[in-house]
$ cat query.cif   # mmCIF, C-alpha atoms
data_upload
#
loop_
_atom_site.label_atom_id
_atom_site.label_comp_id
_atom_site.auth_asym_id
_atom_site.auth_seq_id
_atom_site.Cartn_x
_atom_site.Cartn_y
_atom_site.Cartn_z
CA MET A 862 23.10 10.38 15.40
CA ASP A 863 26.77 10.05 14.48
CA GLN A 864 27.80 12.31 11.59
CA GLN A 865 29.17 9.45 9.49
CA VAL A 866 25.94 7.53 9.96
CA LYS A 867 24.10 10.61 8.64
CA VAL A 868 26.43 10.66 5.63
CA PHE A 869 25.85 6.93 5.03
CA LEU A 870 22.06 7.21 5.18
CA SER A 871 21.95 10.38 3.12
CA LEU A 872 24.03 8.81 0.33
CA ALA A 873 21.84 5.68 0.30
CA SER A 874 18.76 7.91 0.07
CA ALA A 875 20.25 9.87 -2.83
CA ALA A 876 21.09 6.65 -4.70
CA VAL A 877 17.63 5.05 -4.53
CA ASN A 878 15.85 8.36 -5.17
CA GLN A 879 18.22 9.09 -8.07
CA THR A 880 19.07 12.55 -6.78
CA ALA A 881 22.41 14.29 -6.33
CA PRO A 882 23.88 13.89 -2.83
CA ASP A 883 23.61 16.90 -0.54
CA PRO A 884 26.83 18.98 -0.99
CA MET A 885 26.87 19.74 2.74
CA ILE A 886 26.87 16.00 3.43
CA VAL A 887 29.47 15.18 0.79
CA LYS A 888 32.05 17.56 2.25
CA ASP A 889 31.97 15.64 5.55
CA ILE A 890 32.70 12.19 4.06
CA ASP A 891 35.27 10.00 5.78
CA LEU A 892 35.73 7.36 3.09
CA ASP A 893 37.39 4.81 5.39
CA THR A 894 34.55 4.93 7.92
CA LEU A 895 31.97 5.02 5.16
CA PHE A 896 33.42 1.90 3.52
CA ARG A 897 33.43 -0.03 6.81
CA LEU A 898 29.85 0.99 7.53
CA ALA A 899 28.63 0.18 4.01
CA SER A 900 30.40 -3.21 4.08
CA PHE A 901 28.88 -4.03 7.48
CA HIS A 902 25.42 -3.48 5.99
CA GLN A 903 26.20 -5.00 2.56
CA MET A 904 25.41 -1.67 0.91
CA THR A 905 28.72 -0.80 -0.77
CA ALA A 906 27.16 -0.91 -4.25
CA VAL A 907 24.34 1.50 -3.44
CA ILE A 908 26.78 3.90 -1.77
CA ALA A 909 29.14 3.59 -4.77
CA THR A 910 26.27 4.78 -6.97
CA ALA A 911 25.83 7.92 -4.86
CA LEU A 912 29.57 8.59 -4.80
CA ASP A 913 29.70 8.31 -8.59
CA SER A 914 26.94 10.90 -8.94
CA ALA A 915 28.87 13.21 -6.58
CA GLY A 916 32.04 12.83 -8.66
CA ILE A 917 33.89 11.03 -5.86
CA SER A 918 36.20 8.20 -6.91
CA ASP A 919 37.28 5.40 -4.58
CA ASP A 920 38.76 2.11 -5.79
CA ARG A 921 37.27 0.07 -2.93
CA PHE A 922 33.72 1.14 -3.69
CA ALA A 923 34.24 0.73 -7.43
CA GLU A 924 35.53 -2.83 -6.92
CA GLU A 925 32.63 -3.73 -4.64
CA GLN A 926 30.15 -2.30 -7.12
CA ALA A 927 31.67 -4.36 -9.95
CA ARG A 928 31.66 -7.45 -7.73
CA ALA A 929 27.99 -6.94 -6.85
CA ILE A 930 27.02 -6.59 -10.51
CA ARG A 931 29.02 -9.70 -11.40
CA LYS A 932 27.44 -11.74 -8.60
CA ASN A 933 23.92 -10.67 -9.56
CA MET A 934 24.59 -11.70 -13.15
CA ILE A 935 26.00 -15.09 -12.12
CA LEU A 936 23.08 -15.79 -9.78
CA ASP A 937 20.63 -14.79 -12.52
CA TYR A 938 22.38 -17.10 -14.97
CA GLU A 939 22.43 -20.07 -12.58
CA ARG A 940 18.75 -19.51 -11.83
CA SER A 941 18.01 -19.46 -15.55
CA CYS A 942 19.68 -22.89 -15.76
CA LEU A 943 17.69 -24.27 -12.83
CA THR A 944 14.15 -23.12 -13.65
CA PRO A 945 13.81 -25.00 -16.96
CA LYS A 946 14.80 -28.19 -15.09
CA LEU A 947 12.12 -27.54 -12.48
CA GLU A 948 9.60 -26.88 -15.25
CA ALA A 949 10.56 -30.08 -17.10
CA ASN A 950 10.04 -32.08 -13.91
CA GLY A 951 6.75 -30.39 -12.98
CA ILE A 952 8.08 -28.91 -9.72
CA TRP A 953 6.46 -25.63 -8.69
CA TYR A 954 8.80 -22.93 -7.40
CA MET A 955 8.71 -19.31 -6.28
CA PRO A 956 11.65 -16.83 -6.23
CA LEU A 957 11.94 -14.96 -2.93
CA LYS A 958 13.56 -11.95 -1.27
CA GLY A 959 16.41 -10.30 -3.16
CA ILE A 960 15.61 -12.03 -6.46
CA ILE A 961 12.46 -9.91 -6.60
CA LEU A 962 13.63 -6.84 -4.68
CA LYS A 963 16.71 -6.19 -6.80
CA GLU A 964 14.45 -5.42 -9.76
CA TYR A 965 12.91 -2.49 -7.87
CA TYR A 966 16.25 -0.74 -7.26
CA PRO A 967 17.22 1.88 -9.89
CA GLY A 968 20.37 0.12 -11.12
CA ILE A 969 21.81 -3.36 -11.57
CA GLY A 970 23.80 -4.59 -8.59
CA MET A 971 22.54 -1.83 -6.27
CA ARG A 972 20.68 -4.41 -4.22
CA GLN A 973 23.50 -6.79 -3.31
CA MET A 974 22.76 -10.50 -3.24
CA SER A 975 24.15 -13.25 -1.03
CA ASP A 976 22.29 -16.12 -2.64
CA ASN A 977 19.23 -17.25 -4.57
CA ASP A 978 16.29 -17.96 -2.26
CA ILE A 979 13.58 -20.12 -3.82
CA LEU A 980 10.51 -21.72 -2.25
CA PHE A 981 9.61 -25.04 -3.87
CA ASP A 982 7.38 -28.08 -3.58
CA ALA A 983 8.91 -29.78 -0.52
CA SER A 984 7.50 -33.16 -1.56
CA ARG A 985 9.98 -33.07 -4.47
CA ALA A 986 13.09 -32.33 -2.39
CA ASP A 987 14.93 -35.46 -3.56
CA ASP A 988 14.31 -34.53 -7.19
CA VAL A 989 15.51 -30.98 -6.59
CA ARG A 990 18.68 -32.29 -4.99
CA SER A 991 19.37 -34.46 -8.04
CA ILE A 992 18.77 -31.49 -10.34
CA MET A 993 21.08 -29.22 -8.34
CA GLU A 994 23.87 -31.80 -8.26
CA ASP A 995 23.45 -32.44 -12.01
CA LEU A 996 23.96 -28.70 -12.49
CA GLY A 997 27.30 -28.92 -10.68
CA PHE A 998 26.21 -27.78 -7.22
CA THR A 999 27.49 -29.33 -4.00
CA THR A 1000 24.93 -30.14 -1.33
CA VAL A 1001 25.91 -28.26 1.82
CA GLU A 1002 22.86 -29.07 3.93
CA TYR A 1003 19.88 -31.27 3.14
CA GLY A 1004 16.83 -32.30 5.12
CA LYS A 1005 17.95 -30.73 8.40
CA GLY A 1006 15.71 -27.71 8.49
CA HIS A 1007 13.30 -25.60 6.50
CA GLN A 1008 15.77 -25.07 3.65
CA ASP A 1009 18.36 -27.06 1.69
CA ASP A 1010 21.62 -25.30 0.83
CA TYR A 1011 23.64 -25.75 -2.36
CA GLN A 1012 26.88 -24.11 -3.52
CA LYS A 1013 28.92 -23.84 -6.69
CA PRO A 1014 32.19 -21.90 -7.07
CA PRO A 1015 32.90 -19.10 -7.38
CA VAL A 1016 29.86 -17.36 -5.83
CA SER A 1017 26.68 -19.32 -6.51
CA ASN A 1018 24.72 -20.11 -3.37
CA PHE A 1019 21.15 -21.39 -3.46
CA GLU A 1020 18.81 -21.69 -0.48
CA MET A 1021 15.96 -23.93 -1.57
CA HIS A 1022 13.18 -23.35 0.95
CA ARG A 1023 10.83 -26.18 1.86
CA MET A 1024 8.77 -23.65 3.83
CA LEU A 1025 9.00 -19.93 4.56
CA PHE A 1026 9.46 -20.22 8.35
CA SER A 1027 10.54 -23.13 10.48
CA ASN A 1028 8.70 -24.19 13.62
CA GLU A 1029 11.80 -23.13 15.56
CA SER A 1030 11.25 -19.49 14.64
CA ASP A 1031 8.38 -17.36 15.93
CA LYS A 1032 5.34 -19.68 16.25
CA ARG A 1033 2.99 -16.99 14.98
CA LEU A 1034 4.94 -16.68 11.75
CA PHE A 1035 5.22 -20.44 11.36
CA ASN A 1036 1.49 -20.96 11.89
CA TYR A 1037 0.57 -18.18 9.47
CA TYR A 1038 2.84 -19.52 6.71
CA ASP A 1039 2.40 -23.23 7.41
CA ASP A 1040 0.09 -23.55 4.39
CA ILE A 1041 0.22 -20.73 1.86
CA SER A 1042 -1.12 -22.65 -1.13
CA ASP A 1043 -4.03 -20.22 -1.45
CA LYS A 1044 -1.56 -17.29 -1.74
CA LEU A 1045 0.51 -18.77 -4.57
CA ILE A 1046 -0.35 -17.19 -7.91
CA PRO A 1047 0.58 -19.16 -11.08
CA VAL A 1048 2.78 -17.07 -13.36
CA ASN A 1049 3.95 -19.24 -16.22
CA GLY A 1050 4.21 -23.00 -16.11
CA CYS A 1051 5.39 -24.07 -12.67
CA GLU A 1052 6.49 -20.64 -11.46
CA ARG A 1053 4.51 -19.05 -8.63
CA ARG A 1054 4.50 -15.61 -7.10
CA LEU A 1055 2.83 -13.70 -4.27
CA SER A 1056 0.60 -10.69 -4.77
CA ASP A 1057 2.33 -7.37 -4.09
CA GLU A 1058 0.52 -7.21 -0.76
CA ASP A 1059 1.54 -10.73 0.28
CA PHE A 1060 5.12 -10.15 -0.84
CA TYR A 1061 5.29 -7.05 1.36
CA ILE A 1062 3.75 -8.93 4.29
CA TYR A 1063 6.38 -11.66 3.89
CA MET A 1064 9.14 -9.01 3.74
CA VAL A 1065 7.93 -7.55 7.03
CA ALA A 1066 7.58 -10.99 8.67
CA HIS A 1067 11.08 -11.99 7.56
CA GLU A 1068 12.54 -8.74 8.88
CA PHE A 1069 10.61 -9.12 12.14
CA LYS A 1070 12.11 -12.58 12.67
CA HIS A 1071 15.65 -11.28 12.26
CA TYR A 1072 15.01 -8.05 14.19
CA TYR A 1073 13.85 -9.91 17.27
CA TRP A 1074 16.50 -12.64 17.17
CA ASN A 1075 19.98 -11.67 15.98
CA GLY A 1076 18.99 -8.23 14.75
CA THR A 1077 18.98 -6.94 11.19
CA GLY A 1078 20.62 -4.02 9.46
CA VAL A 1079 19.83 -0.86 7.54
CA ARG A 1080 19.48 -2.71 4.23
CA SER A 1081 16.21 -4.18 5.54
CA LEU A 1082 14.88 -0.67 6.02
CA LEU A 1083 16.09 0.32 2.57
CA ASP A 1084 14.29 -2.68 1.04
CA ILE A 1085 11.07 -1.56 2.71
CA TYR A 1086 11.49 1.98 1.43
CA VAL A 1087 12.30 0.92 -2.14
CA PHE A 1088 9.33 -1.46 -2.26
CA LEU A 1089 6.89 1.10 -0.87
CA LYS A 1090 8.24 3.77 -3.20
CA ARG A 1091 7.30 1.49 -6.07
CA PHE A 1092 3.93 0.17 -4.84
CA ARG A 1093 2.59 2.40 -2.07
CA LYS A 1094 -0.20 3.89 -4.21
CA THR A 1095 -1.51 0.52 -5.39
CA LEU A 1096 -1.24 -1.63 -2.24
CA ASP A 1097 -4.41 -2.76 -0.48
CA ARG A 1098 -3.53 -1.33 2.93
CA GLU A 1099 -6.63 -2.68 4.64
CA TYR A 1100 -5.69 -6.25 3.67
CA ILE A 1101 -2.06 -5.77 4.73
CA ASP A 1102 -3.01 -4.41 8.14
CA ALA A 1103 -5.47 -7.24 8.76
CA GLU A 1104 -2.91 -9.93 7.87
CA LEU A 1105 -0.17 -8.31 9.97
CA LYS A 1106 -2.54 -8.24 12.94
CA LYS A 1107 -3.07 -12.00 12.58
CA MET A 1108 0.67 -12.46 13.18
CA GLY A 1109 0.85 -9.81 15.87
CA ILE A 1110 3.39 -7.68 13.99
CA ALA A 1111 1.24 -4.74 12.85
CA ASP A 1112 2.82 -2.37 15.37
CA PHE A 1113 6.33 -3.42 14.30
CA GLU A 1114 5.48 -2.76 10.65
CA LYS A 1115 4.02 0.66 11.43
CA LYS A 1116 7.13 1.79 13.32
CA ASN A 1117 9.45 0.18 10.79
CA ARG A 1118 7.71 1.82 7.83
CA ALA A 1119 7.70 5.24 9.48
CA LEU A 1120 11.44 5.00 10.20
CA ALA A 1121 12.29 3.83 6.67
CA VAL A 1122 10.34 6.67 5.06
CA LYS A 1123 11.89 9.27 7.37
CA ILE A 1124 15.51 8.31 6.81
CA PHE A 1125 15.36 7.49 3.09
CA GLY A 1126 12.60 9.80 1.87
CA ARG A 1127 13.50 12.99 0.06
CA ARG A 1128 12.27 15.04 3.00
CA LYS A 1129 14.25 14.41 6.15
CA PRO A 1130 12.05 15.23 9.18
CA PRO A 1131 13.77 14.80 12.55
CA LEU A 1132 13.54 11.43 14.22
CA SER A 1133 11.81 11.00 17.55
CA GLU A 1134 13.79 9.68 20.50
CA LYS A 1135 12.22 6.23 20.04
CA GLN A 1136 13.09 6.26 16.35
CA GLU A 1137 16.69 7.20 17.15
CA GLU A 1138 16.87 4.17 19.46
CA MET A 1139 15.34 1.92 16.81
CA LEU A 1140 17.76 3.20 14.17
CA ASP A 1141 20.71 2.62 16.49
CA TYR A 1142 19.56 -1.00 16.85
CA PHE A 1143 19.63 -1.39 13.06
CA ILE A 1144 22.97 0.38 12.66
CA THR A 1145 24.75 -1.77 15.24
CA ALA A 1146 23.32 -5.07 13.96
CA GLY A 1147 24.85 -5.21 10.49
CA VAL A 1148 23.20 -6.88 7.54
CA PHE A 1149 22.54 -10.27 9.16
CA GLY A 1150 22.63 -9.36 12.84
CA THR A 1151 25.22 -10.46 15.35
CA ARG A 1152 25.61 -13.45 17.64
CA GLN A 1153 25.87 -11.22 20.70
CA ARG A 1154 22.63 -9.46 19.79
CA GLY A 1155 20.92 -12.82 19.35
CA ILE A 1156 22.08 -14.03 22.75
CA GLN A 1157 20.92 -10.86 24.49
CA ASN A 1158 17.55 -10.92 22.72
CA SER A 1159 16.98 -14.59 23.56
CA ALA A 1160 17.92 -14.06 27.20
CA GLY A 1161 15.58 -11.08 27.32
CA LYS A 1162 12.65 -13.11 25.97
CA LEU A 1163 13.19 -16.28 27.99
CA GLY A 1164 14.79 -14.89 31.13
CA THR A 1165 18.48 -15.42 31.89
CA LEU A 1166 18.09 -18.60 33.96
CA ARG A 1167 15.74 -20.29 31.50
CA TYR A 1168 18.03 -19.32 28.62
CA ILE A 1169 21.06 -20.86 30.34
CA LEU A 1170 19.16 -24.08 31.11
CA GLN A 1171 17.99 -24.39 27.51
CA ARG A 1172 21.51 -23.83 26.22
CA VAL A 1173 23.03 -26.42 28.57
CA PHE A 1174 20.27 -29.04 28.27
CA LEU A 1175 19.36 -29.12 24.59
CA PRO A 1176 16.00 -30.55 23.49
CA MET A 1177 16.19 -33.90 21.70
CA GLU A 1178 15.28 -32.38 18.34
CA ALA A 1179 18.25 -30.00 18.56
CA ILE A 1180 20.52 -32.90 19.49
CA ARG A 1181 19.21 -34.93 16.54
CA LYS A 1182 19.92 -32.12 14.08
CA ASN A 1183 23.23 -30.84 15.43
CA TYR A 1184 24.80 -33.79 17.26
CA PRO A 1185 23.61 -36.95 15.46
CA TYR A 1186 26.30 -39.13 17.08
CA PHE A 1187 25.02 -38.32 20.57
CA TYR A 1188 21.44 -38.76 19.39
CA LYS A 1189 22.32 -42.22 18.11
CA HIS A 1190 24.22 -43.11 21.31
CA LYS A 1191 21.85 -41.61 23.87
CA LEU A 1192 23.81 -42.90 26.87
CA LEU A 1193 26.45 -40.28 26.03
CA ILE A 1194 24.04 -37.34 26.18
CA PRO A 1195 24.99 -36.44 29.81
CA VAL A 1196 28.53 -35.59 28.63
CA LEU A 1197 27.30 -33.52 25.67
CA PRO A 1198 27.48 -30.18 27.59
CA ILE A 1199 31.18 -30.82 28.32
CA TYR A 1200 31.84 -31.82 24.72
CA ARG A 1201 30.15 -28.65 23.47
CA LEU A 1202 32.08 -26.45 25.91
CA VAL A 1203 35.42 -27.85 24.74
CA ARG A 1204 34.55 -27.87 21.04
CA GLU A 1205 32.87 -24.46 20.99
CA HIS A 1206 34.93 -22.60 23.60
CA LYS A 1207 35.15 -19.44 21.45
CA ASN A 1208 31.39 -19.31 21.02
CA ALA A 1209 30.94 -20.06 24.71
CA SER A 1210 33.18 -17.12 25.59
CA THR A 1211 31.11 -14.84 23.36
CA GLU A 1212 27.94 -16.15 24.98
CA VAL A 1213 29.18 -15.49 28.50
CA LYS A 1214 30.20 -11.92 27.60
CA ALA A 1215 26.82 -11.27 25.96
CA LEU A 1216 24.95 -12.65 28.99
CA LYS A 1217 27.01 -10.48 31.34
CA LYS A 1218 26.17 -7.43 29.24
CA HIS A 1219 22.48 -8.38 29.28
CA ILE A 1220 22.43 -8.87 33.06
CA PHE A 1221 24.23 -5.62 33.83
CA SER A 1222 22.08 -3.63 31.40
CA LYS A 1223 18.97 -4.91 33.22
CA LYS A 1224 20.40 -3.75 36.57
CA LYS A 1225 20.88 -0.24 35.21
#

$ encode --input "query.cif" --output "C-alpha cells"
Amino acid sequence: MDQQVKVFLSLASAAVNQTAPDPMIVKDIDLDTLFRLASFHQMTAVIATALDSAGISDDRFAEEQARAIRKNMILDYERSCLTPKLEANGIWYMPLKGIILKEYYPGIGMRQMSDNDILFDASRADDVRSIMEDLGFTTVEYGKGHQDDYQKPPVSNFEMHRMLFSNESDKRLFNYYDDISDKLIPVNGCERRLSDEDFYIYMVAHEFKHYYWNGTGVRSLLDIYVFLKRFRKTLDREYIDAELKKMGIADFEKKNRALAVKIFGRRKPPLSEKQEEMLDYFITAGVFGTRQRGIQNSAGKLGTLRYILQRVFLPMEAIRKNYPYFYKHKLLIPVLPIYRLVREHKNASTEVKALKKHIFSKKK
C-alpha cells in the first residue's frame, strides 16, 4: 500500500474514532497529495478534522471543511422547507443515504453531502414536482428514470426517488426492492424510515451496485464502518444475513465489512493479499466511480463483443429515454450510431481506450 494512502486512511480512522492521529503517520504527510486524494473521495472534511486534532493547519482543508458544513446546513434547511409541504399534501416520504448517515459521524459536515436523497410515493410525482417548483427549484430531470432531479442555486440538489433501484440496475436488487411497503416504518405523520437492519442492507445493496458498475470509493467503506460502530451490538445479524442471501450479495458484504473494520478500526491488523486488491479497487475508483471502470466492468460481465453490440445497437427503451427525436422518427434509427459517434466523440475515445485496457488485461 502506498505510504500516502496509509496516511489518508489512518487520518480518516482517527477522525471517526475521535483519537489523536499517529505521530509516526503525521510526520510523513504530503499535504498536496493528501488533498488530492481526499478530494477524489469527497473526504476533505473528515481529513480536516484529523489535521486539526494533530495541530496541522492547511487553508485548503479548512475551506473545504467550512464548505461541507455550509452545504449540510443548506440541505437541511431546504429539506425542512419541503417536508411540511409533503405532510400537508399527504405524501409519504423517506430520507435516504447521507441524510441519515451524516448524523452518525462525530461532527457536523464530516460526512460530506452531494444532495438530498428522498424516497417518496411515486403515484404523487406530479404533486411533488409542483411543490419543488413552488419552493424555487428547477426541474432537471423528470419521469425518465427511477428518480426525479431538482436544483436550486447555490448548492441545493434533490434526488426524489420513485423507487430504490431501477430495472436497469442489477435485477436481483430491483426485484428485492420492487415493493418495500412492508419495510416502511411510520415515524411521524407521513415520514417513513427503515429499521436499522434494513437501512444497513440498503447501504450494502447500494454500494454493491456502484462497486460492480462504475466502482465506488473509500467513503463507502467509511460509511459502513461508522454505521457498524454505532449499531453493531444491536443489529439482528441473522436477519441481515438472510436478506443479503436473497439478493446474492452476502459474500460481498462479508468481505466489505471485514475490510472496513480492518482499515478504520483502532487496531490495524495487516490486510490479506485479496484485501489489498479490494482496497486498491476502492482507492482508484473515487467517490462515484469512473467511466473507464464502468466500461471495463460492463465488458467483463457481458463479454467484449456483446458489450460492443449493445453499445452500438441500443435497445428501444434506451433510445426512448436518451434520444427521443430518433424514437419519434424511427426511420432515422439506422443513422443513430453515426450521430452518437460524432456527438459523443470524447466519450467514444474514452470507451475505446477502456476496452483496449480490458482486452489486454485479459490476455495477461

$ closest_residue --input "query.cif" --among "A:Met1024, A:Ile961, A:Leu1083, A:Leu943" --to "Ile992 in chain A" --atoms "all atoms listed in the file"
A:Leu943

$ resolve_selection --input "query.cif" --expression "the PyMOL selection byres ((chain A and resi 1127) around 12)" --output "PyMOL selection string"
chain A and resi 870-883+1086+1090+1121-1126+1128-1130

$ atom_distance --input "query.cif" --atom1 "CA of Met974 in chain A" --atom2 "CA of Lys932 in chain A"
7.2 Å

$ closest_residue --input "query.cif" --among "A:Ala911, A:Leu1089, A:Ala923, A:Val1203" --to "Val1065 in chain A" --atoms "all atoms listed in the file"
A:Leu1089

$ atom_distance --input "query.cif" --atom1 "CA of Lys1044 in chain A" --atom2 "CA of Asp1059 in chain A"
7.5 Å

$ resolve_selection --input "query.cif" --expression "the PyMOL selection byres ((chain A and resi 975-983) around 9)" --output "ChimeraX atom specification"
/A:932-933,936-937,940,952-960,973-974,984-987,989,1008,1016-1025

$ closest_residue --input "query.cif" --among "A:Thr1077, A:Glu939, A:Tyr1100, A:Asp988" --to "Gly951 in chain A" --atoms "all atoms listed in the file"
A:Asp988

$ atom_distance --input "query.cif" --atom1 "CA of Thr894 in chain A" --atom2 "CA of Arg921 in chain A"
12.2 Å

$ residues_around --input "query.cif" --residues "Ala909 in chain A" --least-positions-apart "4" --cutoff "10 Å" --atoms "all atoms listed in the file" --output "list in words"
Leu872, Ala873, Ala876, Phe896, Ala899, Met904, Thr905, Asp913, Ser914, Ala915, Ile917, Ser918, Asp919, Asp920, Arg921, Phe922, Ala923, Glu924, Glu925, Gln926, Ala927 and Met971 of chain A

$ resolve_selection --input "query.cif" --expression "the PyMOL selection byres ((chain A and resi 1078) around 6)" --output "number ranges by chain"
A: 902, 1077, 1079-1081, 1143-1144, 1146-1148

$ residues_around --input "query.cif" --residues "Gly997 in chain A" --least-positions-apart "2" --cutoff "10 Å" --atoms "only C-alpha atoms" --output "tab-separated table (two decimals) with C-alpha atoms, in the coordinates of the input"
chain	number	residue	atom	x	y	z
A	992	ILE	CA	18.77	-31.49	-10.34
A	993	MET	CA	21.08	-29.22	-8.34
A	994	GLU	CA	23.87	-31.80	-8.26
A	995	ASP	CA	23.45	-32.44	-12.01
A	999	THR	CA	27.49	-29.33	-4.00
A	1000	THR	CA	24.93	-30.14	-1.33
A	1011	TYR	CA	23.64	-25.75	-2.36
A	1012	GLN	CA	26.88	-24.11	-3.52
A	1013	LYS	CA	28.92	-23.84	-6.69
A	1014	PRO	CA	32.19	-21.90	-7.07

$ axis_aligned_box --input "query.cif" --around "range 1085-1104 of chain A" --padding-each-side "3 Å" --output "lines of an AutoDock Vina configuration file"
center_x = 2.8
center_y = -3.0
center_z = 1.3
size_x = 24.9
size_y = 19.8
size_z = 20.8

$ residues_around --input "query.cif" --residues "Phe1035 in chain A" --least-positions-apart "3" --cutoff "12 Å" --atoms "all atoms listed in the file" --output "JSON, numbers by chain"
{"A": [1007, 1024, 1025, 1026, 1027, 1028, 1029, 1030, 1031, 1032, 1038, 1039, 1040, 1041, 1063, 1066, 1067, 1070, 1107, 1108]}

$ closest_residue --input "query.cif" --among "A:Leu1034, A:Ala929, A:Ile935, A:Met862" --to "Gln903 in chain A" --atoms "all atoms listed in the file"
A:Ala929

$ decode --input "query.cif" --residues "range 972-988 of chain A" --atoms "N, CA, C and O atoms" --output "short mmCIF file (atom, residue, chain, number, x, y, z; two decimals), in the first residue's frame"
data_model
loop_
_atom_site.label_atom_id
_atom_site.label_comp_id
_atom_site.auth_asym_id
_atom_site.auth_seq_id
_atom_site.Cartn_x
_atom_site.Cartn_y
_atom_site.Cartn_z
N ARG A 972 -19.40 14.07 7.29
CA ARG A 972 -19.89 13.24 6.18
C ARG A 972 -20.42 14.20 5.11
O ARG A 972 -21.50 14.77 5.23
N GLN A 973 -19.61 14.41 4.07
CA GLN A 973 -19.97 15.40 3.05
C GLN A 973 -21.15 14.92 2.23
O GLN A 973 -21.34 13.73 1.99
N MET A 974 -21.96 15.89 1.80
CA MET A 974 -23.20 15.62 1.09
C MET A 974 -23.14 16.20 -0.31
O MET A 974 -22.66 17.32 -0.51
N SER A 975 -23.67 15.45 -1.27
CA SER A 975 -23.82 15.97 -2.63
C SER A 975 -25.23 16.48 -2.85
O SER A 975 -25.44 17.46 -3.57
N ASP A 976 -26.19 15.80 -2.24
CA ASP A 976 -27.59 16.15 -2.45
C ASP A 976 -28.46 15.54 -1.37
O ASP A 976 -27.98 14.80 -0.51
N ASN A 977 -29.73 15.86 -1.42
CA ASN A 977 -30.74 15.22 -0.57
C ASN A 977 -31.39 14.10 -1.36
O ASN A 977 -31.97 14.35 -2.43
N ASP A 978 -31.29 12.88 -0.87
CA ASP A 978 -31.96 11.73 -1.50
C ASP A 978 -33.18 11.37 -0.67
O ASP A 978 -33.07 11.09 0.53
N ILE A 979 -34.34 11.35 -1.32
CA ILE A 979 -35.59 11.07 -0.61
C ILE A 979 -36.46 10.14 -1.46
O ILE A 979 -36.73 10.41 -2.62
N LEU A 980 -36.87 9.03 -0.87
CA LEU A 980 -37.84 8.13 -1.50
C LEU A 980 -39.23 8.67 -1.19
O LEU A 980 -39.50 9.13 -0.07
N PHE A 981 -40.12 8.62 -2.18
CA PHE A 981 -41.47 9.16 -1.95
C PHE A 981 -42.51 8.34 -2.71
O PHE A 981 -42.18 7.47 -3.51
N ASP A 982 -43.75 8.64 -2.44
CA ASP A 982 -44.86 7.95 -3.09
C ASP A 982 -44.88 8.32 -4.58
O ASP A 982 -45.27 9.43 -4.95
N ALA A 983 -44.45 7.39 -5.42
CA ALA A 983 -44.29 7.67 -6.85
C ALA A 983 -45.60 8.05 -7.53
O ALA A 983 -45.60 8.74 -8.56
N SER A 984 -46.72 7.63 -6.96
CA SER A 984 -48.02 7.98 -7.56
C SER A 984 -48.32 9.47 -7.43
O SER A 984 -49.22 9.99 -8.09
N ARG A 985 -47.53 10.18 -6.61
CA ARG A 985 -47.74 11.61 -6.39
C ARG A 985 -46.61 12.44 -7.01
O ARG A 985 -46.35 13.57 -6.59
N ALA A 986 -45.97 11.90 -8.03
CA ALA A 986 -44.81 12.58 -8.63
C ALA A 986 -45.16 13.95 -9.18
O ALA A 986 -44.38 14.91 -9.04
N ASP A 987 -46.32 14.09 -9.81
CA ASP A 987 -46.73 15.39 -10.35
C ASP A 987 -46.88 16.41 -9.23
O ASP A 987 -46.47 17.58 -9.37
N ASP A 988 -47.47 15.99 -8.12
CA ASP A 988 -47.65 16.89 -6.99
C ASP A 988 -46.30 17.30 -6.40
O ASP A 988 -46.10 18.46 -6.03
#
